[in-house]
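Here is the structure we will look at.
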Amino acid sequence: MSKKDDKDLKAVEPAPEPTNAKVTNAEQPKFPKLFGLAMLIGPFVWLAPAGNVRNTLLPQYFSQIAPNEKVALVALLASVSSIVAAVANILFGGLSDITRTRWGKRKPWILGGTIVESGLICIVANIKSIWLIVVLWGIVAAAENAVAAAMVAQEADRIAPRWRGTISTLYGIGYTAIQLVAMIAAQFLGKPKEGMYVMAGIGFVMGIIHVLFANEGSNLDEPREKFSWSSLWLHFSLPTKGARDYWYAVAGKLMMVMGGTIATAYMLYILTDYMHLGQQTAGKTLAEIASINLIFGVVFTAISGPIADKVGRLKAPVALSTLLIGIAQFFPFFAAKPWTILTYAVLAAIGNGVYNAVDGALNLAVLPNAETSGKDMGFINLANTLSQISGTVVASLIVTYLGGYKAIFPASFLIELVGAILIFRIKSVK
């Protein structure tokens, strides 16, 4: 063979597989279809019910039972939830890593968390005590994050590198498609109690379907780790060794989601108090925003994952989509008109679609240790959950002290810009 032929052969050799993969490409030659369907509906299990109750139905409920305190109450709820989420993601992710049962390591936490989350949402719907609602919602947040931490760790456990992009795209489509549930929630602004029942039912049914499709088997044959301080530290501590890019990914996600949440968490009040729309018109606009998020989000999620796989780029799509979400904020800032919020929704939906398709694969690529994937993915999901909740707190402070709802939009842009810069700082992934 000539030197030229040898050079050409090397040029077409596939890139080496990530060293953090538990399943190799050779061991998984066919795409796991049922698992793909399980991840597609995954966000409907934990985020759709809790997120829509937290962002739409509970704010409306507060406006009915404590109208003069509604902004502060939403922020209080978010503060308590963020503290719980900070602990729950790491705790339940680490616990699922060391769980050994006939049903596997992730399924018990997914199913148990789903039952607790759905049940408590139904209880909250029947309570008028603000403090009891806040306490119970803290437990809902713990259950929500137990589900999320165990669910995303399944990808690291069971998916070969060749299919990670596709699985990430399916999960991203599901993440975007929960706008269907947002559209349903918007129909219950006049009856938030009934809406909470519906959200709880959706989460419970989807949780059962998810674990059936994922079909996780027994892991009793996996070695049990003996208790030691070093083992405890490994499974519940912050990852440090070889974790530079991992932490840039975590910080980038924190900023990206926080920037988007600042606007979406108070979207109902932006429409009613900033744009001065009536309740009926506001409900119609929320449904229109949900439709835009669904259509544009699903389309751009579906096409972005395969394109990213084909061109071999993960970092740039994630960073640029983060920046686009920030740019979208300028429209409602310059004019308090319904068309500006819809334009914002289109651009943000495109950005979220691209982001959701590729971000999951980027996260898997920067995991520092395959043996602690549940805990490490828990930190990443913590950034997702914590930023949603802390974004609500930040938005409350902006509204109260920095010029009202209009000031939300430039603040969101600056946060998204920081997120894009942090993602671009990742070196090990193109």
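Letters for chains follow the order of the structure tokens (A, B, ...), residue numbers begin at 1 for each chain, and ligand numbers begin at 1 in the order shown.
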Would you mind writing down, as a PyMOL selection string, each residue of range 301-373 of chain A that DSSP on the backbone assigns to alpha helix (DSSP H)?
chain A and resi 301-311+315-328+330-334+338-365+373
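Around Trp247 in chain A, within 12 Å and counting only C-alpha atoms, the residues found are Leu238, Pro239, Thr240, Lys241, Gly242, Gly252, Lys253, Leu254, Asn363, Val366, Leu367, Pro368, Asp376, Met377, Phe379, Ile380, Ala383, Leu422, Ile423, Arg425, Ile426 and Lys427 of chain A, once anything fewer than 5 positions away on its own chain is removed.
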Within 6 Å of Ala361 in chain A, counting only C-alpha atoms, which residues show up once you throw out same-chain ones fewer than 2 positions away? Write them as a PDB file with all heavy atoms, in the first residue's frame, please.
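In the end it all went to selection-v7.pdb:
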```
ATOM      1  N   ARG A 164     -26.209   8.064  20.729  1.00  0.00           N
ATOM      2  CA  ARG A 164     -26.445   9.102  21.734  1.00  0.00           C
ATOM      3  C   ARG A 164     -27.073  10.358  21.132  1.00  0.00           C
ATOM      4  O   ARG A 164     -27.937  10.988  21.742  1.00  0.00           O
ATOM      5  CB  ARG A 164     -25.135   9.453  22.446  1.00  0.00           C
ATOM      6  CG  ARG A 164     -24.702   8.398  23.459  1.00  0.00           C
ATOM      7  CD  ARG A 164     -23.409   8.794  24.138  1.00  0.00           C
ATOM      8  NE  ARG A 164     -23.079   7.897  25.237  1.00  0.00           N
ATOM      9  CZ  ARG A 164     -22.024   8.048  26.018  1.00  0.00           C
ATOM     10  NH1 ARG A 164     -21.192   9.069  25.811  1.00  0.00           N
ATOM     11  NH2 ARG A 164     -21.787   7.211  27.005  1.00  0.00           N
ATOM     12  N   GLY A 165     -26.624  10.741  19.953  1.00  0.00           N
ATOM     13  CA  GLY A 165     -27.185  11.922  19.313  1.00  0.00           C
ATOM     14  C   GLY A 165     -28.662  11.742  19.006  1.00  0.00           C
ATOM     15  O   GLY A 165     -29.463  12.665  19.204  1.00  0.00           O
ATOM     16  N   SER A 168     -30.623  11.742  22.249  1.00  0.00           N
ATOM     17  CA  SER A 168     -30.682  13.126  22.715  1.00  0.00           C
ATOM     18  C   SER A 168     -31.723  13.924  21.939  1.00  0.00           C
ATOM     19  O   SER A 168     -32.467  14.737  22.506  1.00  0.00           O
ATOM     20  CB  SER A 168     -29.304  13.789  22.584  1.00  0.00           C
ATOM     21  OG  SER A 168     -29.351  15.148  22.952  1.00  0.00           O
ATOM     22  N   VAL A 358     -29.176  18.917  20.782  1.00  0.00           N
ATOM     23  CA  VAL A 358     -27.732  18.665  20.808  1.00  0.00           C
ATOM     24  C   VAL A 358     -27.154  18.660  22.216  1.00  0.00           C
ATOM     25  O   VAL A 358     -26.153  18.002  22.487  1.00  0.00           O
ATOM     26  CB  VAL A 358     -27.001  19.720  19.941  1.00  0.00           C
ATOM     27  CG1 VAL A 358     -25.518  19.399  19.822  1.00  0.00           C
ATOM     28  CG2 VAL A 358     -27.626  19.789  18.548  1.00  0.00           C
ATOM     29  N   ASP A 359     -27.772  19.366  23.138  1.00  0.00           N
ATOM     30  CA  ASP A 359     -27.199  19.533  24.469  1.00  0.00           C
ATOM     31  C   ASP A 359     -27.018  18.216  25.204  1.00  0.00           C
ATOM     32  O   ASP A 359     -26.030  18.025  25.915  1.00  0.00           O
ATOM     33  CB  ASP A 359     -28.083  20.480  25.291  1.00  0.00           C
ATOM     34  CG  ASP A 359     -27.551  20.675  26.703  1.00  0.00           C
ATOM     35  OD1 ASP A 359     -26.433  21.216  26.828  1.00  0.00           O
ATOM     36  OD2 ASP A 359     -28.248  20.302  27.662  1.00  0.00           O
ATOM     37  N   ASN A 363     -23.577  16.871  26.876  1.00  0.00           N
ATOM     38  CA  ASN A 363     -23.444  16.526  28.294  1.00  0.00           C
ATOM     39  C   ASN A 363     -22.830  15.148  28.489  1.00  0.00           C
ATOM     40  O   ASN A 363     -21.955  14.952  29.346  1.00  0.00           O
ATOM     41  CB  ASN A 363     -24.820  16.575  28.974  1.00  0.00           C
ATOM     42  CG  ASN A 363     -25.387  17.979  29.036  1.00  0.00           C
ATOM     43  OD1 ASN A 363     -24.652  18.959  28.974  1.00  0.00           O
ATOM     44  ND2 ASN A 363     -26.696  18.079  29.142  1.00  0.00           N
ATOM     45  N   LEU A 364     -23.285  14.171  27.698  1.00  0.00           N
ATOM     46  CA  LEU A 364     -22.729  12.822  27.806  1.00  0.00           C
ATOM     47  C   LEU A 364     -21.257  12.800  27.426  1.00  0.00           C
ATOM     48  O   LEU A 364     -20.460  12.055  28.000  1.00  0.00           O
ATOM     49  CB  LEU A 364     -23.516  11.850  26.923  1.00  0.00           C
ATOM     50  CG  LEU A 364     -24.946  11.532  27.368  1.00  0.00           C
ATOM     51  CD1 LEU A 364     -25.660  10.707  26.312  1.00  0.00           C
ATOM     52  CD2 LEU A 364     -24.958  10.796  28.697  1.00  0.00           C
TER      53      LEU A 364
END
```
In terms of the shortest atom-to-atom distance over only C-alpha atoms, which of A:Asn293, A:Thr56, A:Ala48, A:Ser79 is closest to Ser396 in chain A?
A:Ser79
Which residues come within 10 Å of Gly172 in chain A, counting only C-alpha atoms, excluding same-chain residues fewer than 3 positions away, as a list in words?
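My reading of the contact set: Met39, Leu40, Ile41, Gly42, Pro43, Thr166, Ile167, Ser168, Thr169, Tyr175, Thr176, Ala177, Gly297, Val298, Phe300, Thr301, Ala302, Gly305, Asn352, Gly353, Val354, Tyr355, Asn356, Ala357, Val358, Asp359 and Gly360 of chain A.
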Those residues with N, CA and C atoms, as a PDB file, in the first residue's frame please?
```pdb
ATOM      1  N   MET A  39     -37.598   7.651  26.115  1.00  0.00           N
ATOM      2  CA  MET A  39     -36.972   8.950  26.344  1.00  0.00           C
ATOM      3  C   MET A  39     -37.754  10.071  25.672  1.00  0.00           C
ATOM      4  N   LEU A  40     -38.442   9.761  24.588  1.00  0.00           N
ATOM      5  CA  LEU A  40     -39.283  10.760  23.922  1.00  0.00           C
ATOM      6  C   LEU A  40     -40.367  11.277  24.859  1.00  0.00           C
ATOM      7  N   ILE A  41     -40.969  10.375  25.625  1.00  0.00           N
ATOM      8  CA  ILE A  41     -42.035  10.792  26.543  1.00  0.00           C
ATOM      9  C   ILE A  41     -41.489  11.138  27.928  1.00  0.00           C
ATOM     10  N   GLY A  42     -40.177  10.997  28.121  1.00  0.00           N
ATOM     11  CA  GLY A  42     -39.587  11.236  29.434  1.00  0.00           C
ATOM     12  C   GLY A  42     -39.945  12.573  30.052  1.00  0.00           C
ATOM     13  N   PRO A  43     -39.800  13.701  29.338  1.00  0.00           N
ATOM     14  CA  PRO A  43     -40.136  14.999  29.941  1.00  0.00           C
ATOM     15  C   PRO A  43     -41.602  15.131  30.331  1.00  0.00           C
ATOM     16  N   THR A 166     -29.028  10.553  18.527  1.00  0.00           N
ATOM     17  CA  THR A 166     -30.427  10.291  18.193  1.00  0.00           C
ATOM     18  C   THR A 166     -31.299  10.262  19.444  1.00  0.00           C
ATOM     19  N   ILE A 167     -30.802   9.599  20.493  1.00  0.00           N
ATOM     20  CA  ILE A 167     -31.550   9.557  21.750  1.00  0.00           C
ATOM     21  C   ILE A 167     -31.700  10.960  22.319  1.00  0.00           C
ATOM     22  N   SER A 168     -30.623  11.742  22.249  1.00  0.00           N
ATOM     23  CA  SER A 168     -30.682  13.126  22.715  1.00  0.00           C
ATOM     24  C   SER A 168     -31.723  13.924  21.939  1.00  0.00           C
ATOM     25  N   THR A 169     -31.790  13.685  20.624  1.00  0.00           N
ATOM     26  CA  THR A 169     -32.781  14.378  19.795  1.00  0.00           C
ATOM     27  C   THR A 169     -34.202  13.988  20.200  1.00  0.00           C
ATOM     28  N   TYR A 175     -38.983  17.081  25.181  1.00  0.00           N
ATOM     29  CA  TYR A 175     -38.853  18.278  26.013  1.00  0.00           C
ATOM     30  C   TYR A 175     -39.616  19.440  25.398  1.00  0.00           C
ATOM     31  N   THR A 176     -39.554  19.530  24.072  1.00  0.00           N
ATOM     32  CA  THR A 176     -40.273  20.598  23.369  1.00  0.00           C
ATOM     33  C   THR A 176     -41.763  20.296  23.280  1.00  0.00           C
ATOM     34  N   ALA A 177     -42.097  19.035  23.059  1.00  0.00           N
ATOM     35  CA  ALA A 177     -43.497  18.656  22.857  1.00  0.00           C
ATOM     36  C   ALA A 177     -44.341  18.785  24.109  1.00  0.00           C
ATOM     37  N   GLY A 297     -40.288  24.344  17.843  1.00  0.00           N
ATOM     38  CA  GLY A 297     -39.379  23.571  18.677  1.00  0.00           C
ATOM     39  C   GLY A 297     -39.174  22.156  18.172  1.00  0.00           C
ATOM     40  N   VAL A 298     -40.278  21.474  17.863  1.00  0.00           N
ATOM     41  CA  VAL A 298     -40.173  20.091  17.386  1.00  0.00           C
ATOM     42  C   VAL A 298     -39.446  20.026  16.050  1.00  0.00           C
ATOM     43  N   PHE A 300     -37.225  22.128  14.666  1.00  0.00           N
ATOM     44  CA  PHE A 300     -35.792  22.417  14.762  1.00  0.00           C
ATOM     45  C   PHE A 300     -35.056  21.413  15.639  1.00  0.00           C
ATOM     46  N   THR A 301     -35.744  20.811  16.592  1.00  0.00           N
ATOM     47  CA  THR A 301     -35.124  19.725  17.347  1.00  0.00           C
ATOM     48  C   THR A 301     -34.886  18.524  16.436  1.00  0.00           C
ATOM     49  N   ALA A 302     -35.878  18.191  15.631  1.00  0.00           N
ATOM     50  CA  ALA A 302     -35.788  17.011  14.765  1.00  0.00           C
ATOM     51  C   ALA A 302     -34.680  17.131  13.728  1.00  0.00           C
ATOM     52  N   GLY A 305     -30.409  17.635  15.473  1.00  0.00           N
ATOM     53  CA  GLY A 305     -29.619  16.509  15.945  1.00  0.00           C
ATOM     54  C   GLY A 305     -28.904  15.777  14.819  1.00  0.00           C
ATOM     55  N   ASN A 352     -34.405  27.006  21.342  1.00  0.00           N
ATOM     56  CA  ASN A 352     -34.616  25.870  22.244  1.00  0.00           C
ATOM     57  C   ASN A 352     -34.632  24.550  21.501  1.00  0.00           C
ATOM     58  N   GLY A 353     -35.185  24.551  20.282  1.00  0.00           N
ATOM     59  CA  GLY A 353     -35.206  23.329  19.495  1.00  0.00           C
ATOM     60  C   GLY A 353     -33.807  22.829  19.181  1.00  0.00           C
ATOM     61  N   VAL A 354     -32.953  23.735  18.712  1.00  0.00           N
ATOM     62  CA  VAL A 354     -31.565  23.363  18.415  1.00  0.00           C
ATOM     63  C   VAL A 354     -30.856  22.920  19.687  1.00  0.00           C
ATOM     64  N   TYR A 355     -31.033  23.693  20.737  1.00  0.00           N
ATOM     65  CA  TYR A 355     -30.364  23.393  22.012  1.00  0.00           C
ATOM     66  C   TYR A 355     -30.775  22.018  22.551  1.00  0.00           C
ATOM     67  N   ASN A 356     -32.067  21.760  22.585  1.00  0.00           N
ATOM     68  CA  ASN A 356     -32.556  20.509  23.152  1.00  0.00           C
ATOM     69  C   ASN A 356     -32.108  19.293  22.354  1.00  0.00           C
ATOM     70  N   ALA A 357     -31.881  19.476  21.040  1.00  0.00           N
ATOM     71  CA  ALA A 357     -31.465  18.353  20.210  1.00  0.00           C
ATOM     72  C   ALA A 357     -30.026  17.952  20.472  1.00  0.00           C
ATOM     73  N   VAL A 358     -29.176  18.917  20.782  1.00  0.00           N
ATOM     74  CA  VAL A 358     -27.732  18.665  20.808  1.00  0.00           C
ATOM     75  C   VAL A 358     -27.154  18.660  22.216  1.00  0.00           C
ATOM     76  N   ASP A 359     -27.772  19.366  23.138  1.00  0.00           N
ATOM     77  CA  ASP A 359     -27.199  19.533  24.469  1.00  0.00           C
ATOM     78  C   ASP A 359     -27.018  18.216  25.204  1.00  0.00           C
ATOM     79  N   GLY A 360     -27.973  17.291  25.059  1.00  0.00           N
ATOM     80  CA  GLY A 360     -27.855  16.011  25.745  1.00  0.00           C
ATOM     81  C   GLY A 360     -26.617  15.250  25.330  1.00  0.00           C
TER      82      GLY A 360
END
```
Ranking A:Ile325, A:Val71, A:Met258, A:Met151 by minimum distance to Leu111 in chain A and counting only C-alpha atoms, which one comes first?
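Closest residue, counting only C-alpha atoms: A:Met151.
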CA of Ser387 in chain A to CA of Val257 in chain A: how many Å, to one decimal?
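A separation of 5.7 Å between them.
Going from CA of Ala265 in chain A over to CA of Leu314 in chain A, you cover 28.1 Å.
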Could you give me, as number ranges by chain, the residues within 12 Å of Gly260 in chain A, counting only C-alpha atoms and dropping anything in the same chain fewer than 4 positions from it?
A: 253-256, 264-267, 321-329, 344-345, 347-349, 351-352, 384, 387-392, 394-395, 408-417, 419
Near range 210-226 of chain A, counting only C-alpha atoms, which residues have an atom at most 7 Å away, once you skip same-chain residues fewer than 2 positions from it, shown as a list in words?
Leu34, Phe35, Leu37, Ala38, Ile41, Gly42, Arg100, Thr101, Arg102, Trp103, Gly104, Lys105, Lys107, Met206, Gly207, Ile208 and Ser228 of chain A
Include C-alpha atoms and write out the residues we just selected as an mmCIF file, in the first residue's frame.
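Final file, part_32.cif:
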```cif
data_model
loop_
_atom_site.group_PDB
_atom_site.id
_atom_site.type_symbol
_atom_site.label_atom_id
_atom_site.label_comp_id
_atom_site.auth_asym_id
_atom_site.auth_seq_id
_atom_site.Cartn_x
_atom_site.Cartn_y
_atom_site.Cartn_z
ATOM 1 C CA LEU A 34 -38.466 1.200 22.603
ATOM 2 C CA PHE A 35 -35.892 2.965 24.737
ATOM 3 C CA LEU A 37 -39.777 6.067 22.710
ATOM 4 C CA ALA A 38 -39.313 5.959 26.486
ATOM 5 C CA ILE A 41 -42.035 10.792 26.543
ATOM 6 C CA GLY A 42 -39.587 11.236 29.434
ATOM 7 C CA ARG A 100 -29.239 -2.870 43.176
ATOM 8 C CA THR A 101 -32.721 -4.384 42.694
ATOM 9 C CA ARG A 102 -34.525 -6.903 40.530
ATOM 10 C CA TRP A 103 -36.046 -3.889 38.731
ATOM 11 C CA GLY A 104 -32.722 -2.206 38.037
ATOM 12 C CA LYS A 105 -31.061 0.896 39.460
ATOM 13 C CA LYS A 107 -36.615 2.356 37.541
ATOM 14 C CA MET A 206 -46.629 8.825 31.292
ATOM 15 C CA GLY A 207 -44.443 7.543 34.133
ATOM 16 C CA ILE A 208 -45.956 4.065 33.847
ATOM 17 C CA SER A 228 -16.060 3.316 52.800
#
```
